[in-house]
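*Asks:* Handing over final16.csv, CSV, C-alpha atoms.
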```csv
chain,number,residue,atom,x,y,z
A,1,MET,CA,-163.2,29.4,-125.1
A,2,ARG,CA,-164.0,32.5,-123.1
A,3,THR,CA,-164.9,30.5,-120.0
A,4,ILE,CA,-161.7,28.5,-120.1
A,5,LEU,CA,-159.7,31.7,-120.4
A,6,GLU,CA,-161.5,33.3,-117.5
A,7,VAL,CA,-160.8,30.3,-115.3
A,8,GLN,CA,-157.1,30.4,-116.3
A,9,LYS,CA,-156.9,34.1,-115.5
A,10,GLN,CA,-158.2,33.4,-112.0
A,11,LEU,CA,-156.1,30.2,-111.3
A,12,LEU,CA,-153.0,31.0,-113.4
A,13,PRO,CA,-152.6,34.7,-113.8
A,14,ASP,CA,-148.9,34.5,-114.3
A,15,LEU,CA,-149.3,32.0,-117.1
A,16,MET,CA,-151.6,34.4,-118.9
A,17,ASP,CA,-149.0,37.1,-118.7
A,18,ILE,CA,-146.4,34.8,-120.1
A,19,LEU,CA,-148.7,33.7,-122.9
A,20,LYS,CA,-149.4,37.4,-123.8
A,21,LYS,CA,-145.7,38.2,-123.8
A,22,ARG,CA,-144.6,35.3,-125.9
A,23,TYR,CA,-147.5,35.8,-128.4
A,24,THR,CA,-146.5,39.4,-128.8
A,25,ILE,CA,-142.9,38.6,-129.4
A,26,LEU,CA,-143.8,36.0,-132.0
A,27,GLN,CA,-146.2,38.3,-133.7
A,28,GLN,CA,-143.8,41.2,-133.9
A,29,ILE,CA,-141.1,38.9,-135.3
A,30,MET,CA,-143.5,37.8,-138.0
A,31,LEU,CA,-144.5,41.3,-138.9
A,32,SER,CA,-140.8,42.4,-139.2
A,33,ASP,CA,-139.8,39.6,-141.6
A,34,VAL,CA,-136.3,39.8,-140.0
A,35,ILE,CA,-135.4,41.7,-136.9
A,36,GLY,CA,-132.5,42.1,-134.5
A,37,ARG,CA,-132.8,41.4,-130.8
A,38,ARG,CA,-131.9,44.9,-129.8
A,39,THR,CA,-134.4,46.5,-132.1
A,40,LEU,CA,-137.2,44.2,-130.8
A,41,ALA,CA,-136.2,44.7,-127.2
A,42,ASN,CA,-136.4,48.5,-127.6
A,43,SER,CA,-139.8,48.2,-129.4
A,44,MET,CA,-141.2,46.0,-126.6
A,45,GLN,CA,-139.5,48.1,-123.8
A,46,MET,CA,-137.9,44.9,-122.6
A,47,THR,CA,-134.2,44.3,-121.6
A,48,GLU,CA,-132.1,42.3,-124.1
A,49,ARG,CA,-131.4,39.8,-121.3
A,50,VAL,CA,-135.1,39.0,-120.7
A,51,LEU,CA,-135.8,39.0,-124.5
A,52,ARG,CA,-132.9,36.6,-125.1
A,53,ALA,CA,-134.3,34.1,-122.7
A,54,GLU,CA,-137.7,34.2,-124.4
A,55,THR,CA,-136.4,34.0,-127.9
A,56,ASP,CA,-134.0,31.2,-127.0
A,57,LEU,CA,-137.1,29.3,-125.8
A,58,LEU,CA,-139.0,30.1,-129.0
A,59,LYS,CA,-136.1,28.9,-131.0
A,60,ALA,CA,-135.8,25.7,-129.1
A,61,GLN,CA,-139.5,25.1,-129.8
A,62,GLY,CA,-138.9,25.6,-133.5
A,63,LEU,CA,-141.1,28.7,-133.7
A,64,ILE,CA,-138.4,31.1,-134.8
A,65,GLU,CA,-135.1,31.0,-136.6
A,66,ILE,CA,-132.0,33.0,-135.5
A,67,ASP,CA,-129.0,33.7,-137.7
A,68,SER,CA,-126.5,36.5,-138.2
A,69,ALA,CA,-129.1,38.6,-140.0
A,70,GLY,CA,-131.5,38.5,-137.1
A,71,MET,CA,-134.7,36.6,-136.0
A,72,LYS,CA,-137.5,35.5,-138.3
A,73,ILE,CA,-140.6,33.4,-137.9
A,74,SER,CA,-140.5,29.7,-138.9
A,75,GLU,CA,-143.3,28.0,-140.7
A,76,ALA,CA,-144.3,26.3,-137.4
A,77,GLY,CA,-144.4,29.7,-135.7
A,78,TYR,CA,-146.6,31.2,-138.4
A,79,ASP,CA,-149.0,28.3,-138.1
A,80,LEU,CA,-149.1,28.6,-134.4
A,81,LEU,CA,-149.9,32.3,-134.6
A,82,GLN,CA,-152.8,31.6,-137.0
A,83,GLN,CA,-154.2,29.1,-134.5
A,84,LEU,CA,-153.8,31.4,-131.6
A,85,GLU,CA,-155.4,34.5,-133.2
A,86,PRO,CA,-158.9,33.9,-131.8
A,87,VAL,CA,-157.5,33.0,-128.4
A,88,ALA,CA,-155.3,36.2,-128.5
A,89,LYS,CA,-158.3,38.4,-129.1
A,90,GLU,CA,-160.0,37.0,-126.0
A,91,LEU,CA,-156.7,37.2,-124.1
A,92,PHE,CA,-156.2,40.9,-124.9
A,93,GLY,CA,-159.8,41.8,-124.5
A,94,LEU,CA,-160.1,42.7,-128.2
A,95,SER,CA,-163.2,40.6,-128.9
A,96,GLU,CA,-165.3,42.6,-126.5
A,97,LEU,CA,-164.1,45.9,-128.0
A,98,GLU,CA,-165.0,44.6,-131.4
A,99,GLU,CA,-168.5,43.6,-130.4
A,100,ARG,CA,-169.2,46.8,-128.5
A,101,ILE,CA,-168.2,49.0,-131.5
A,102,LYS,CA,-170.0,46.8,-134.0
A,103,GLN,CA,-173.3,47.1,-132.1
A,104,ALA,CA,-172.9,50.8,-131.3
A,105,TYR,CA,-172.5,51.8,-134.9
A,106,GLY,CA,-174.4,49.0,-136.7
A,107,LEU,CA,-171.3,47.7,-138.6
A,108,GLN,CA,-171.0,44.4,-140.4
A,109,LYS,CA,-167.6,43.6,-139.0
A,110,VAL,CA,-165.0,45.2,-136.7
A,111,VAL,CA,-161.4,44.1,-136.4
A,112,VAL,CA,-159.3,45.4,-133.5
A,113,VAL,CA,-155.6,44.7,-133.6
A,114,PRO,CA,-153.3,45.0,-130.5
A,115,GLY,CA,-151.2,48.1,-129.9
A,116,ASP,CA,-151.1,51.8,-130.7
A,117,SER,CA,-150.1,52.8,-134.2
A,118,ASP,CA,-149.1,56.2,-132.9
A,119,VAL,CA,-146.1,54.7,-131.2
A,120,SER,CA,-145.6,51.3,-132.7
A,121,PRO,CA,-144.7,50.5,-136.3
A,122,PHE,CA,-145.7,46.9,-135.5
A,123,ALA,CA,-149.2,47.9,-134.7
A,124,LYS,CA,-149.5,49.8,-138.1
A,125,ARG,CA,-148.1,46.7,-139.9
A,126,GLU,CA,-150.7,44.5,-138.1
A,127,LEU,CA,-153.4,47.0,-139.2
A,128,GLY,CA,-152.2,46.6,-142.8
A,129,ARG,CA,-152.3,42.8,-142.4
A,130,ALA,CA,-155.8,42.9,-141.0
A,131,GLY,CA,-156.9,45.2,-143.8
A,132,ALA,CA,-155.4,43.0,-146.5
A,133,LYS,CA,-157.1,40.0,-145.0
A,134,ALA,CA,-160.5,41.7,-144.9
A,135,LEU,CA,-160.1,42.9,-148.5
A,136,GLY,CA,-158.9,39.6,-149.7
A,137,ASN,CA,-161.9,37.8,-148.1
A,138,ILE,CA,-164.5,39.9,-150.0
A,139,MET,CA,-162.9,40.5,-153.4
A,140,SER,CA,-164.2,38.5,-156.3
A,141,ASP,CA,-163.5,38.5,-160.1
A,142,ASN,CA,-164.8,41.6,-162.0
A,143,ASP,CA,-164.9,43.8,-158.9
A,144,VAL,CA,-163.8,47.4,-159.0
A,145,VAL,CA,-161.9,48.4,-155.8
A,146,ALA,CA,-161.4,52.1,-155.1
A,147,VAL,CA,-158.6,53.0,-152.6
A,148,THR,CA,-157.6,56.3,-151.0
A,149,GLY,CA,-154.1,57.4,-150.2
A,150,GLY,CA,-152.3,57.4,-146.8
A,151,SER,CA,-149.7,55.5,-144.9
A,152,THR,CA,-152.1,52.9,-143.5
A,153,THR,CA,-153.7,52.0,-146.8
A,154,ALA,CA,-150.2,51.8,-148.2
A,155,GLU,CA,-149.4,49.2,-145.5
A,156,VAL,CA,-152.5,47.2,-146.6
A,157,ALA,CA,-151.1,47.2,-150.2
A,158,GLU,CA,-147.8,45.8,-148.9
A,159,GLN,CA,-149.5,43.0,-146.9
A,160,LEU,CA,-152.0,42.0,-149.7
A,161,ASN,CA,-151.3,38.5,-150.7
A,162,PRO,CA,-154.4,36.5,-151.8
A,163,PRO,CA,-154.2,32.8,-152.5
A,164,THR,CA,-155.4,33.1,-156.1
A,165,SER,CA,-154.9,35.6,-158.9
A,166,LEU,CA,-157.8,38.1,-159.5
A,167,LYS,CA,-157.2,39.0,-163.1
A,168,GLY,CA,-160.7,40.4,-163.6
A,169,VAL,CA,-160.5,42.9,-160.7
A,170,TRP,CA,-159.7,46.6,-161.3
A,171,PHE,CA,-158.1,48.8,-158.7
A,172,VAL,CA,-158.6,52.5,-159.0
A,173,PRO,CA,-157.7,55.6,-156.9
A,174,ALA,CA,-160.7,57.0,-155.1
A,175,ARG,CA,-159.6,60.5,-156.0
A,176,GLY,CA,-156.6,62.5,-157.4
A,177,GLY,CA,-153.6,62.7,-155.3
A,178,LEU,CA,-150.6,64.2,-157.0
A,179,GLY,CA,-148.8,66.4,-154.6
A,180,GLU,CA,-148.5,64.0,-151.7
A,181,SER,CA,-145.4,61.7,-151.1
A,182,LEU,CA,-145.3,59.2,-154.0
A,183,GLU,CA,-145.4,56.2,-151.7
A,184,ILE,CA,-148.7,57.2,-150.1
A,185,GLN,CA,-150.6,58.5,-153.1
A,186,ALA,CA,-153.8,56.7,-154.1
A,187,ASN,CA,-152.4,56.1,-157.6
A,188,THR,CA,-149.3,54.3,-156.2
A,189,ILE,CA,-151.4,52.2,-153.7
A,190,ALA,CA,-153.9,51.2,-156.3
A,191,SER,CA,-151.2,50.0,-158.7
A,192,THR,CA,-149.3,48.2,-155.9
A,193,MET,CA,-152.5,46.4,-154.9
A,194,ALA,CA,-153.2,45.4,-158.4
A,195,LYS,CA,-149.8,43.9,-158.9
A,196,ARG,CA,-149.9,42.0,-155.7
A,197,VAL,CA,-153.1,40.1,-156.8
A,198,GLY,CA,-152.4,40.0,-160.5
A,199,ALA,CA,-155.3,42.4,-161.2
A,200,GLN,CA,-155.6,45.4,-163.5
A,201,TYR,CA,-155.5,49.1,-162.6
A,202,LYS,CA,-156.2,52.6,-164.0
A,203,LEU,CA,-154.7,55.8,-162.6
A,204,LEU,CA,-156.0,59.3,-162.2
A,205,HIS,CA,-153.2,61.7,-162.9
A,206,VAL,CA,-154.7,64.9,-161.4
A,207,PRO,CA,-153.8,67.1,-158.4
A,208,ASP,CA,-155.6,66.5,-155.1
A,209,LEU,CA,-156.9,70.1,-154.9
A,210,LEU,CA,-158.1,71.9,-158.0
A,211,SER,CA,-159.1,75.4,-158.9
A,212,ASP,CA,-162.5,76.0,-160.4
A,213,HIS,CA,-160.9,76.6,-163.8
A,214,ALA,CA,-158.7,73.4,-163.6
A,215,TYR,CA,-161.7,71.3,-162.5
A,216,GLU,CA,-163.9,72.5,-165.3
A,217,SER,CA,-161.1,71.8,-167.8
A,218,LEU,CA,-160.2,68.4,-166.6
A,219,ILE,CA,-163.8,67.1,-166.2
A,220,GLN,CA,-164.2,67.6,-170.0
A,221,ASP,CA,-161.1,65.5,-170.8
A,222,PRO,CA,-162.2,62.1,-172.3
A,223,SER,CA,-159.4,60.2,-170.6
A,224,VAL,CA,-160.4,61.7,-167.2
A,225,GLN,CA,-164.1,60.9,-167.9
A,226,GLU,CA,-163.2,57.3,-168.7
A,227,ILE,CA,-161.4,56.7,-165.3
A,228,LEU,CA,-164.1,58.6,-163.4
A,229,GLN,CA,-166.7,56.3,-164.9
A,230,LEU,CA,-164.8,53.3,-163.7
A,231,ILE,CA,-164.2,54.8,-160.2
A,232,ARG,CA,-167.9,55.4,-159.8
A,233,GLN,CA,-168.6,51.7,-160.6
A,234,SER,CA,-166.6,50.6,-157.6
A,235,ARG,CA,-168.2,47.8,-155.5
A,236,ILE,CA,-165.6,48.1,-152.7
A,237,VAL,CA,-163.9,51.1,-151.2
A,238,ILE,CA,-161.0,50.9,-148.8
A,239,HIS,CA,-160.0,54.2,-147.2
A,240,GLY,CA,-158.0,55.7,-144.4
A,241,ILE,CA,-159.3,58.3,-141.9
A,242,GLY,CA,-157.4,61.4,-141.1
A,243,ASP,CA,-157.5,64.2,-138.5
A,244,ALA,CA,-159.1,67.2,-140.1
A,245,VAL,CA,-156.6,69.9,-139.2
A,246,GLU,CA,-153.6,67.6,-139.8
A,247,MET,CA,-154.8,66.6,-143.2
A,248,ALA,CA,-155.6,70.2,-144.1
A,249,LYS,CA,-152.0,71.3,-143.2
A,250,ARG,CA,-150.6,68.3,-145.1
A,251,ARG,CA,-152.4,69.4,-148.2
A,252,LYS,CA,-151.2,73.0,-147.6
A,253,LEU,CA,-154.6,74.5,-147.5
A,254,ALA,CA,-154.8,78.2,-146.9
A,255,THR,CA,-154.6,79.4,-143.3
A,256,GLU,CA,-158.1,81.0,-143.6
A,257,ILE,CA,-159.6,77.6,-144.7
A,258,ILE,CA,-157.9,75.8,-141.8
A,259,ASP,CA,-159.3,78.5,-139.4
A,260,GLU,CA,-162.7,78.0,-141.0
A,261,LEU,CA,-162.5,74.2,-140.5
A,262,GLN,CA,-161.7,74.7,-136.8
A,263,GLU,CA,-164.6,77.1,-136.4
A,264,GLN,CA,-167.0,74.6,-138.0
A,265,GLY,CA,-165.8,71.9,-135.7
A,266,ALA,CA,-164.2,69.7,-138.4
A,267,VAL,CA,-162.8,66.6,-136.7
A,268,SER,CA,-162.0,64.1,-139.5
A,269,GLU,CA,-161.2,63.9,-143.2
A,270,SER,CA,-161.9,61.2,-145.7
A,271,PHE,CA,-162.5,61.1,-149.5
A,272,GLY,CA,-161.8,64.9,-149.6
A,273,TYR,CA,-164.7,65.6,-147.2
A,274,TYR,CA,-164.3,67.1,-143.8
A,275,PHE,CA,-166.7,65.9,-141.1
A,276,ASN,CA,-167.7,67.3,-137.6
A,277,ASP,CA,-168.1,65.0,-134.6
A,278,GLN,CA,-171.7,64.3,-135.6
A,279,GLY,CA,-170.6,62.9,-139.0
A,280,LYS,CA,-171.9,65.9,-140.9
A,281,VAL,CA,-169.9,67.3,-143.9
A,282,VAL,CA,-168.7,70.8,-143.0
A,283,HIS,CA,-166.2,71.3,-145.9
A,284,THR,CA,-165.7,69.8,-149.3
A,285,MET,CA,-162.5,69.9,-151.4
A,286,LEU,CA,-162.9,70.5,-155.1
A,287,THR,CA,-161.3,67.3,-156.3
A,288,LEU,CA,-161.9,64.7,-159.0
A,289,GLY,CA,-162.9,61.2,-157.8
A,290,MET,CA,-165.6,59.6,-155.7
A,291,ARG,CA,-168.5,61.7,-154.5
A,292,LEU,CA,-170.7,61.0,-151.5
A,293,GLN,CA,-173.4,59.6,-153.7
A,294,ASP,CA,-170.9,57.1,-155.2
A,295,ILE,CA,-169.8,56.0,-151.7
A,296,GLU,CA,-173.4,55.4,-150.7
A,297,ARG,CA,-173.9,53.2,-153.8
A,298,THR,CA,-171.0,50.9,-153.1
A,299,ASP,CA,-171.6,47.4,-151.6
A,300,VAL,CA,-168.7,47.5,-149.1
A,301,VAL,CA,-166.9,50.4,-147.5
A,302,ILE,CA,-163.8,49.4,-145.4
A,303,GLY,CA,-162.4,52.1,-143.1
A,304,ILE,CA,-159.0,51.6,-141.6
A,305,ALA,CA,-157.1,53.7,-139.2
A,306,GLY,CA,-155.2,53.5,-135.9
A,307,GLY,CA,-153.6,55.3,-133.0
A,308,LYS,CA,-155.1,56.9,-129.9
A,309,SER,CA,-154.8,60.3,-131.6
A,310,LYS,CA,-157.2,59.1,-134.4
A,311,ALA,CA,-160.1,58.0,-132.1
A,312,ALA,CA,-162.1,61.2,-132.4
A,313,ALA,CA,-161.7,61.2,-136.2
A,314,ILE,CA,-162.7,57.5,-136.5
A,315,HIS,CA,-165.8,58.2,-134.3
A,316,SER,CA,-166.7,61.2,-136.6
A,317,VAL,CA,-166.5,59.1,-139.8
A,318,LEU,CA,-168.5,56.3,-138.1
A,319,ARG,CA,-171.3,58.8,-137.4
A,320,PHE,CA,-171.4,59.6,-141.1
A,321,GLY,CA,-172.8,56.1,-141.3
A,322,GLN,CA,-171.5,54.6,-144.5
A,323,GLU,CA,-168.9,52.2,-143.1
A,324,ASP,CA,-169.5,48.4,-143.3
A,325,ILE,CA,-166.1,47.1,-142.1
A,326,LEU,CA,-163.9,48.9,-139.6
A,327,ILE,CA,-160.3,48.0,-138.9
A,328,ILE,CA,-158.6,49.9,-136.0
A,329,ASP,CA,-156.1,49.3,-133.3
A,330,GLU,CA,-156.5,48.7,-129.6
A,331,ALA,CA,-155.6,52.2,-128.5
A,332,ALA,CA,-158.2,53.9,-130.8
A,333,ALA,CA,-160.8,51.3,-129.8
A,334,GLU,CA,-160.4,51.8,-126.1
A,335,VAL,CA,-160.9,55.6,-126.5
A,336,ILE,CA,-164.0,55.1,-128.7
A,337,VAL,CA,-165.6,52.6,-126.2
A,338,ALA,CA,-164.7,54.8,-123.2
A,339,GLU,CA,-166.6,57.7,-124.9
A,340,MET,CA,-169.7,55.5,-125.2
A,341,GLU,CA,-170.0,55.0,-121.4
```
Please, can you express the file's structure as structure tokens?
*Replies:*
Amino acid sequence: MRTILEVQKQLLPDLMDILKKRYTILQQIMLSDVIGRRTLANSMQMTERVLRAETDLLKAQGLIEIDSAGMKISEAGYDLLQQLEPVAKELFGLSELEERIKQAYGLQKVVVVPGDSDVSPFAKRELGRAGAKALGNIMSDNDVVAVTGGSTTAEVAEQLNPPTSLKGVWFVPARGGLGESLEIQANTIASTMAKRVGAQYKLLHVPDLLSDHAYESLIQDPSVQEILQLIRQSRIVIHGIGDAVEMAKRRKLATEIIDELQEQGAVSESFGYYFNDQGKVVHTMLTLGMRLQDIERTDVVIGIAGGKSKAAAIHSVLRFGQEDILIIDEAAAEVIVAEME
């Protein structure tokens, strides 16, 4: 396949550009469910006139449907996208990025999706779709799946749609999270995932950040002990990756703690732990949920994040060395690979 694509790039470079453009249009329509022409044109930085010509062709081929509500993918269009996915990875150079990151960090699997989540909601949605697919492929009955909060893991929950019900699976939050926006709390995401696959869930109704007194009190509570025991039996963990300072500010940590994080070279945050660029823990939040030793005992750890701005944070967590599957976008992958050279 790669040889054929390389030949086509040399002999028919214009054709490859057209293929990329039409694939991207079709993919973004699919990710949007229904979208207007003007919105899509703005997103793709394309004039409406040019986009109209392309979408008229896609409609004539039966790949999209257009009505007063907007454009949506047809069944034939969805099938074509599935068939083109491996070709598209070669076309956009994503396969090479995946392989280089996989080898550099000793990962089981790397998935790179097109785009930059910092600027494109479509790229974040595609991250969610890829995360949902990866999770769906490894889940089996009686698994316990721990999930962290965040907008990207929330997108995974929205995209999760396995072919069969997984009634024996339990979804749990990896840690407490009261205080963040409801939509991106770990509790909300765990319950959404469970409902999407017909599974069960338990919630951890405690704040993300605890005082010593609150921690000691809650850790003795039988109901908290019960959910903690289930969390620590997790076989799969799916988690987001945050920029250290950004996450500290979002959690309203004291100014002196933020200054200390910066002095210690904190780059990333995940699971309530702050890591430097070598993947060493430089600060730990007092929170209930998964501990480092629990993460080390799990069978599969899935990290998911995107955006050029997250590249340093992703690298930091990868150096920690517990990831098995990594799902990132093209913008982050390109920065990570450039740093390897």
*Asks:* Go through A:Gln185, A:Lys202, A:Gln27, A:Thr287 one by one, measure the shortest atom-to-atom distance of each to A:Leu80 using only C-alpha atoms, and give the residue with the smallest value.
*Replies:*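 Of all the options, A:Gln27 lies closest to A:Leu80.
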*Asks:* Can you tell me, as number ranges by chain, what residues are no more than 10 Å from A:Leu318 when counting only C-alpha atoms, ignoring any on the same chain fewer than 6 positions away?
*Replies:* A: 101, 104-107, 277-279, 303, 312, 324, 326
*Asks:* Ranking A:Leu127, A:Leu286, A:Ala331, A:Leu51 by minimum distance to A:Val206 and counting all atoms listed in the file, which one comes first?
*Replies:*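 When distances to A:Val206 are compared using all atoms listed in the file, the smallest one comes from A:Leu286.
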*Asks:* Return as CSV the residues of stretch 61-174 of chain A lying at most 10 Å from stretch 239-250 of chain A, together with the closest atom-to-atom pair for each and the distance in Å to one decimal, counting all atoms listed in the file, with rows in chain order and ascending residue number.
*Replies:*
```
residue,atom,partner,partner_atom,distance
A:Ala146,CA,A:His239,CA,8.3
A:Val147,CA,A:His239,CA,5.7
A:Thr148,CA,A:His239,CA,5.0
A:Gly149,CA,A:Gly240,CA,7.2
A:Gly150,CA,A:Gly240,CA,6.4
A:Ser151,CA,A:Gly240,CA,8.3
A:Thr152,CA,A:Gly240,CA,6.6
A:Thr153,CA,A:Gly240,CA,6.2
A:Ala154,CA,A:Gly240,CA,9.5
A:Ala174,CA,A:His239,CA,8.4
```
*Asks:* Compare A:Lys102, A:Ile189, A:His283, A:Met30 by their minimum atom-to-atom distance to A:Ile336, counting only C-alpha atoms, and give me the closest one.
*Replies:*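 Ranking A:Lys102, A:Ile189, A:His283, A:Met30 by distance to A:Ile336, first place goes to A:Lys102.
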*Asks:* Which one is closest to A:Ser95: A:Met340, A:Lys109, A:Gly136, A:Ser43? Count all atoms listed in the file.
*Replies:*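 With all atoms listed in the file as the atom set, the closest residue is A:Lys109.
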*Asks:* What is the distance between atom CA of A:Ile219 and atom CA of A:Tyr201, in Å to one decimal?
*Replies:*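 Here the two named atoms are 20.1 Å from each other.
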*Asks:* So that all listed atoms of stretch 23-26 of chain A fit with 3 Å spare on each side, what axis-aligned box centre and edge lengths in Å, to one decimal, would you give as AutoDock Vina command-line options?
*Replies:*
```
--center_x -145.2 --center_y 37.6 --center_z -130.2 --size_x 10.6 --size_y 9.6 --size_z 9.6
```
*Asks:* Every residue with an atom at most 10 Å from (-156.7, 46.2, -134.6) (file coordinates; all atoms listed in the file) is what I'm after, so could you write them as a short mmCIF file (atom, residue, chain, number, x, y, z; two decimals) with C-alpha atoms, in the frame of the given file?
*Replies:*
```cif
data_model
loop_
_atom_site.label_atom_id
_atom_site.label_comp_id
_atom_site.auth_asym_id
_atom_site.auth_seq_id
_atom_site.Cartn_x
_atom_site.Cartn_y
_atom_site.Cartn_z
CA LYS A 89 -158.30 38.40 -129.10
CA LEU A 94 -160.10 42.70 -128.20
CA LEU A 97 -164.10 45.90 -128.00
CA GLU A 98 -165.00 44.60 -131.40
CA VAL A 110 -165.00 45.20 -136.70
CA VAL A 111 -161.40 44.10 -136.40
CA VAL A 112 -159.30 45.40 -133.50
CA VAL A 113 -155.60 44.70 -133.60
CA PRO A 114 -153.30 45.00 -130.50
CA GLY A 115 -151.20 48.10 -129.90
CA ASP A 116 -151.10 51.80 -130.70
CA SER A 117 -150.10 52.80 -134.20
CA ALA A 123 -149.20 47.90 -134.70
CA LYS A 124 -149.50 49.80 -138.10
CA GLU A 126 -150.70 44.50 -138.10
CA LEU A 127 -153.40 47.00 -139.20
CA GLY A 128 -152.20 46.60 -142.80
CA ARG A 129 -152.30 42.80 -142.40
CA ALA A 130 -155.80 42.90 -141.00
CA GLY A 131 -156.90 45.20 -143.80
CA ILE A 304 -159.00 51.60 -141.60
CA ALA A 305 -157.10 53.70 -139.20
CA GLY A 306 -155.20 53.50 -135.90
CA GLY A 307 -153.60 55.30 -133.00
CA LEU A 326 -163.90 48.90 -139.60
CA ILE A 327 -160.30 48.00 -138.90
CA ILE A 328 -158.60 49.90 -136.00
CA ASP A 329 -156.10 49.30 -133.30
CA GLU A 330 -156.50 48.70 -129.60
CA ALA A 331 -155.60 52.20 -128.50
CA ALA A 332 -158.20 53.90 -130.80
CA ALA A 333 -160.80 51.30 -129.80
#
```
*Asks:* May I ask for the distance between atom CA of A:Met193 and atom CA of A:Phe171, given in Å to one decimal place?
*Replies:* 7.2 Å
*Asks:* In Å to one decimal, how far is atom CA of A:Gly272 from atom CA of A:Leu253?
*Replies:*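 Taking atom CA of A:Leu253 as the start and atom CA of A:Gly272 as the end point, the length is 12.2 Å.
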*Asks:* Which one is closest to A:Glu334: A:Glu96, A:Asp118, A:Asp143, A:Glu75? Count all atoms listed in the file.
*Replies:* A:Glu96
*Asks:* Excluding A:Met290 and its own-chain neighbours fewer than 4 positions away, which residues fall within 9 Å of it when counting all atoms listed in the file? Please give them as a list of chain:residue names.
*Replies:* A:Ala146, A:Pro173, A:Ala174, A:Arg175, A:Leu228, A:Ile231, A:Arg232, A:Phe271, A:Gly272, A:Asp294, A:Ile295
*Asks:* Go through A:Ala132, A:Leu261, A:Leu230, A:Val145 one by one, measure the shortest atom-to-atom distance of each to A:Gln159 using all atoms listed in the file, and give the residue with the smallest value.
*Replies:*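 Once distances to A:Gln159 are computed over all atoms listed in the file, the minimum belongs to A:Ala132.
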*Asks:* Considering all atoms listed in the file, return as a count of residues only whatever protein or nucleic-acid residues lie within 12 Å of A:Trp170, sequence-local ones (same chain, fewer than 4 positions apart) excluded.
*Replies:* 31
